[in-house]
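Enquirer: A single structure is presented below for examination.
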Amino acid sequence: MTRTLADAIAAQIRAHGPMDIGAFMAQAGAHYYATRDPFGAQGDFTTAPEVSQMFGEMIGAWLADIWAQMGRPARFSLVECGPGRGTLMADILRVARRVDGFLEAAQVRLIEMSPVLREKQHETLRAYDFIHWHESLEGVPADAPVLILGNEFLDALPVRQFRRGAEGWQERVVCLDGESFRFDFGPPEDALLPLLPAHTVSQEIYEVSPARLDFIRACGRLLKSVGGAALFVDYGYTKRAAGDTVQAVRGHRYADILDAPGESDLTAHVDFASLAQSAESDGMVLFGTVAQGAFLRALGIEQRARALCDGAPARRTDVMTALHRLTAPQEMGDLFKVTGFGYGHDFTPAGF
Ligand code: SAH
């Protein structure tokens, strides 16, 4: 399979010339997720919902509160983008069961392109009969208010890279060197230049993500037509800066981005400032962008950890290790951020 994707990309480069990094990431990512379940100790990486049930419980409490603030609509879509194994949704639905009317009102809609992960999600969520799958957000019917959610979804959407030197802007591309791939620079796509910062350091790499901006715009369109809110958790930065953040991870280690495309997880840090700016210019009300640790603490994760320890003292070490991993600044607490926005209601969102 590896050879096949590498060969396919090489053939495209031979036919059409160097490939932008976004196109490379998109093809590698689609192949990667379509062919495996990459999560957990045996896989390539571990996400917050896979670390502990407490993560999904806090998100579930947040969603239930927002649903109450929307006046408890009798029907709404609970949309999760890139649900992985379905673990986060399972934890959300378990806590939401305690909230009167929430489960009866919810239509769960999972946006997932990978057939392997769809199958996994089906298994995890088999107790529920109100789960629907869609290829993209555009497939979600605009017939009820929506709550949109994503954990480590945005980082998987491709970025493009540019640098400015004496000759102006150039785009970083993938080209062929014999049988191997290597990076080079080529002419930029003019339509993307307005997305680049005005003040730059010469020869530094700057990233933009048209795919993420398109996705945030699609969220905005849906929210504007039916009302609701969106919440995204991911790693990234809140102040735009120079730097190449594209990374490949395989077996819990960094790997070479160009080596064996489709066999490692390719991601890039999320530029939260640009996404917030885009959402705001589409008329969304921003909730803000806060560190994951602060967000989870504000929602009561420490109290929840204590209750879990009291209920099962034998699990104390596991629970406290997970709490540390999710919230400590040197772990996921600071690098991961939570961002949200809403439309059509007077929200006072918890945690921001
Ligand atoms: N949210 C999960 C999984 C994160 S990994 C967790 O926290 O564990 C990224 C997820 O996004 C996977 O489910 C992957 O298949 C999905 N995905 C990546 N790019 C996508 C795209 N363009 N459209 C739909 N799903 C995508």
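Each chain of the structure tokens is named A, B, ... in the order shown, its residues numbered from 1; ligands are numbered from 1 in display order.
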Neighbours of ligand 1 within 9 Å, counting only C-alpha atoms and all ligand atoms, as a VMD selection string?
Expert: chain A and resid 26 29 to 30 32 to 34 37 to 39 46 to 50 80 to 88 110 to 118 134 to 137 149 to 158 211 233 to 234 265
Enquirer: Would you mind exporting C-alpha atoms of the selected residues as a CSV table (one decimal), in the first residue's frame?
Expert:
chain,number,residue,atom,x,y,z
A,26,ALA,CA,-4.5,15.6,2.0
A,29,GLY,CA,-3.9,11.8,5.5
A,30,ALA,CA,-6.8,10.2,3.5
A,32,TYR,CA,-3.5,6.9,6.5
A,33,TYR,CA,-6.9,7.1,8.2
A,34,ALA,CA,-8.6,5.0,5.6
A,37,ASP,CA,-7.1,2.6,13.6
A,38,PRO,CA,-4.1,4.6,14.7
A,39,PHE,CA,-4.9,5.3,18.3
A,46,THR,CA,-3.0,8.9,21.9
A,47,THR,CA,-5.7,11.6,22.0
A,48,ALA,CA,-7.3,13.2,25.1
A,49,PRO,CA,-10.5,11.1,25.0
A,50,GLU,CA,-8.3,8.0,24.8
A,80,GLU,CA,-18.7,15.6,15.8
A,81,CYS,CA,-16.0,16.1,13.2
A,82,GLY,CA,-13.3,13.4,13.0
A,83,PRO,CA,-14.6,11.2,15.9
A,84,GLY,CA,-11.7,8.7,15.8
A,85,ARG,CA,-12.9,5.6,17.7
A,86,GLY,CA,-16.1,7.3,18.9
A,87,THR,CA,-14.8,7.3,22.5
A,88,LEU,CA,-15.4,11.1,23.0
A,110,LEU,CA,-20.5,12.0,12.8
A,111,ILE,CA,-18.3,13.6,10.0
A,112,GLU,CA,-15.9,10.8,9.1
A,113,MET,CA,-14.2,10.0,5.8
A,114,SER,CA,-12.4,6.8,6.9
A,115,PRO,CA,-14.4,3.5,6.4
A,116,VAL,CA,-12.3,1.8,9.0
A,117,LEU,CA,-13.0,4.4,11.7
A,118,ARG,CA,-16.7,4.6,10.7
A,134,HIS,CA,-21.8,12.2,6.8
A,135,GLU,CA,-18.8,12.8,4.5
A,136,SER,CA,-18.6,16.5,5.3
A,137,LEU,CA,-20.3,19.2,7.3
A,149,LEU,CA,-17.5,19.5,18.1
A,150,GLY,CA,-14.0,18.4,17.1
A,151,ASN,CA,-11.0,17.1,19.0
A,152,GLU,CA,-7.8,16.9,17.1
A,153,PHE,CA,-9.7,17.4,13.8
A,154,LEU,CA,-8.4,20.7,12.6
A,155,ASP,CA,-4.7,19.7,12.9
A,156,ALA,CA,-5.4,16.9,10.4
A,157,LEU,CA,-6.6,19.4,7.8
A,158,PRO,CA,-3.8,20.5,5.4
A,211,ALA,CA,-8.9,23.9,4.2
A,233,VAL,CA,-9.9,21.4,20.9
A,234,ASP,CA,-6.5,21.1,19.3
A,265,ASP,CA,0.0,10.8,11.0
Enquirer: What are the closest atom pairs, with distances in Å to one decimal, for each residue of segment 215-237 of chain A lying within 8 Å of segment 267-276 of chain A, using only C-alpha atoms, rows by chain and rising residue number, as CSV?
Expert:
residue,atom,partner,partner_atom,distance
A:Ile216,CA,A:Leu275,CA,6.9
A:Asp234,CA,A:Val270,CA,7.0
A:Tyr235,CA,A:His269,CA,5.8
A:Gly236,CA,A:Val270,CA,4.3
A:Tyr237,CA,A:Asp271,CA,5.5
Enquirer: Could you list, with a cut-off of 8 Å and counting only C-alpha atoms, the residues of segment 133-247 of chain A near segment 71-77 of chain A, each shown with its nearest atom pair and the distance in Å rounded to one decimal, rows sorted by chain and ascending number, as JSON lines?
Expert:
{"residue": "A:Ala144", "atom": "CA", "partner": "A:Phe76", "partner_atom": "CA", "distance": 5.0}
{"residue": "A:Pro145", "atom": "CA", "partner": "A:Phe76", "partner_atom": "CA", "distance": 4.9}
{"residue": "A:Val146", "atom": "CA", "partner": "A:Ser77", "partner_atom": "CA", "distance": 4.7}
{"residue": "A:Leu147", "atom": "CA", "partner": "A:Ser77", "partner_atom": "CA", "distance": 6.3}
Enquirer: Show me a table, sorted first by chain and then by increasing residue number, of the residues of segment 19-77 of chain A having an atom at most 8 Å from segment 294-315 of chain A, each with its shortest atom pair and the distance in Å to one decimal, counting only C-alpha atoms and written as JSON lines.
Expert:
{"residue": "A:Met54", "atom": "CA", "partner": "A:Ile301", "partner_atom": "CA", "distance": 6.8}
{"residue": "A:Phe55", "atom": "CA", "partner": "A:Leu296", "partner_atom": "CA", "distance": 7.6}
{"residue": "A:Met58", "atom": "CA", "partner": "A:Leu299", "partner_atom": "CA", "distance": 6.2}
{"residue": "A:Ala61", "atom": "CA", "partner": "A:Leu299", "partner_atom": "CA", "distance": 7.9}
{"residue": "A:Trp62", "atom": "CA", "partner": "A:Leu299", "partner_atom": "CA", "distance": 7.5}
Enquirer: Take the selection from the previous step and output its residues with C-alpha atoms, as a short mmCIF file (atom, residue, chain, number, x, y, z; two decimals), in the first residue's frame.
Expert:
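What ended up in part-v3.cif:
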data_model
loop_
_atom_site.label_atom_id
_atom_site.label_comp_id
_atom_site.auth_asym_id
_atom_site.auth_seq_id
_atom_site.Cartn_x
_atom_site.Cartn_y
_atom_site.Cartn_z
CA MET A 54 -12.94 12.58 32.25
CA PHE A 55 -12.19 14.55 29.07
CA MET A 58 -16.31 17.64 30.84
CA ALA A 61 -21.27 18.82 30.64
CA TRP A 62 -20.29 21.85 28.55
#
Enquirer: Could you check which of A:Ala279, A:Val79, A:Ala291, A:Val226 is closest to Glu331 of chain A, using only C-alpha atoms?
Expert: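 Nearest candidate to Glu331 of chain A out of A:Ala279, A:Val79, A:Ala291, A:Val226: A:Ala291.
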Enquirer: Can you pull out every residue from segment 154-277 of chain A that DSSP, working from the backbone, puts in strand (DSSP E), and format the result as a PyMOL selection string?
Expert: chain A and resi 160-165+168-177+180-186+205-208+228-237+247-250+253-255+265-267+270-271
Enquirer: So how many Å separate atom CA of Val319 of chain A and atom CA of Ser52 of chain A, to one decimal?
Expert: 7.7 Å
Enquirer: Mind pulling up the distance from atom CA of Leu213 of chain A to atom CA of Gln277 of chain A?
Expert: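 Here the two named atoms are 9.9 Å from each other.
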Enquirer: Provide the atom CA of Ser281 of chain A to atom CA of Pro210 of chain A distance in Å, to one decimal place.
Expert: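 So the two atoms, atom CA of Ser281 of chain A and atom CA of Pro210 of chain A, lie 15.5 Å apart.
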Enquirer: Could you please write out, as a count of residues only, every residue of segment 153-277 of chain A that DSSP assigns to alpha helix (DSSP H)?
Expert: 23
Enquirer: Counting only C-alpha atoms, give me one row per residue of segment 212-292 of chain A with an atom at most 12 Å from an atom of segment 8-24 of chain A, showing the shortest contact pair and its distance in Å to one decimal, sorted by chain then residue number, as JSON lines.
Expert:
{"residue": "A:Arg212", "atom": "CA", "partner": "A:Gly22", "partner_atom": "CA", "distance": 11.1}
{"residue": "A:Asp244", "atom": "CA", "partner": "A:Ile21", "partner_atom": "CA", "distance": 11.4}
{"residue": "A:Thr245", "atom": "CA", "partner": "A:Ile21", "partner_atom": "CA", "distance": 12.0}
{"residue": "A:Val246", "atom": "CA", "partner": "A:Ile21", "partner_atom": "CA", "distance": 9.2}
{"residue": "A:Gln247", "atom": "CA", "partner": "A:Ile21", "partner_atom": "CA", "distance": 11.7}
{"residue": "A:Ile257", "atom": "CA", "partner": "A:Phe24", "partner_atom": "CA", "distance": 9.9}
{"residue": "A:Leu258", "atom": "CA", "partner": "A:Phe24", "partner_atom": "CA", "distance": 9.1}
{"residue": "A:Asp259", "atom": "CA", "partner": "A:Phe24", "partner_atom": "CA", "distance": 11.8}
{"residue": "A:Ala260", "atom": "CA", "partner": "A:Ile9", "partner_atom": "CA", "distance": 10.9}
{"residue": "A:Pro261", "atom": "CA", "partner": "A:Phe24", "partner_atom": "CA", "distance": 8.2}
{"residue": "A:Gly262", "atom": "CA", "partner": "A:Phe24", "partner_atom": "CA", "distance": 9.5}
{"residue": "A:Leu266", "atom": "CA", "partner": "A:Phe24", "partner_atom": "CA", "distance": 9.7}
{"residue": "A:Thr267", "atom": "CA", "partner": "A:Gly22", "partner_atom": "CA", "distance": 10.5}
{"residue": "A:Ala268", "atom": "CA", "partner": "A:Gly22", "partner_atom": "CA", "distance": 10.4}
Enquirer: Neighbouring residues of Gly340 of chain A were defined as those with any atom within 6 Å, considering only C-alpha atoms; residues of the same chain fewer than 5 positions away were excluded. Please report them as a VMD selection string.
Expert: chain A and resid 230 to 231 287
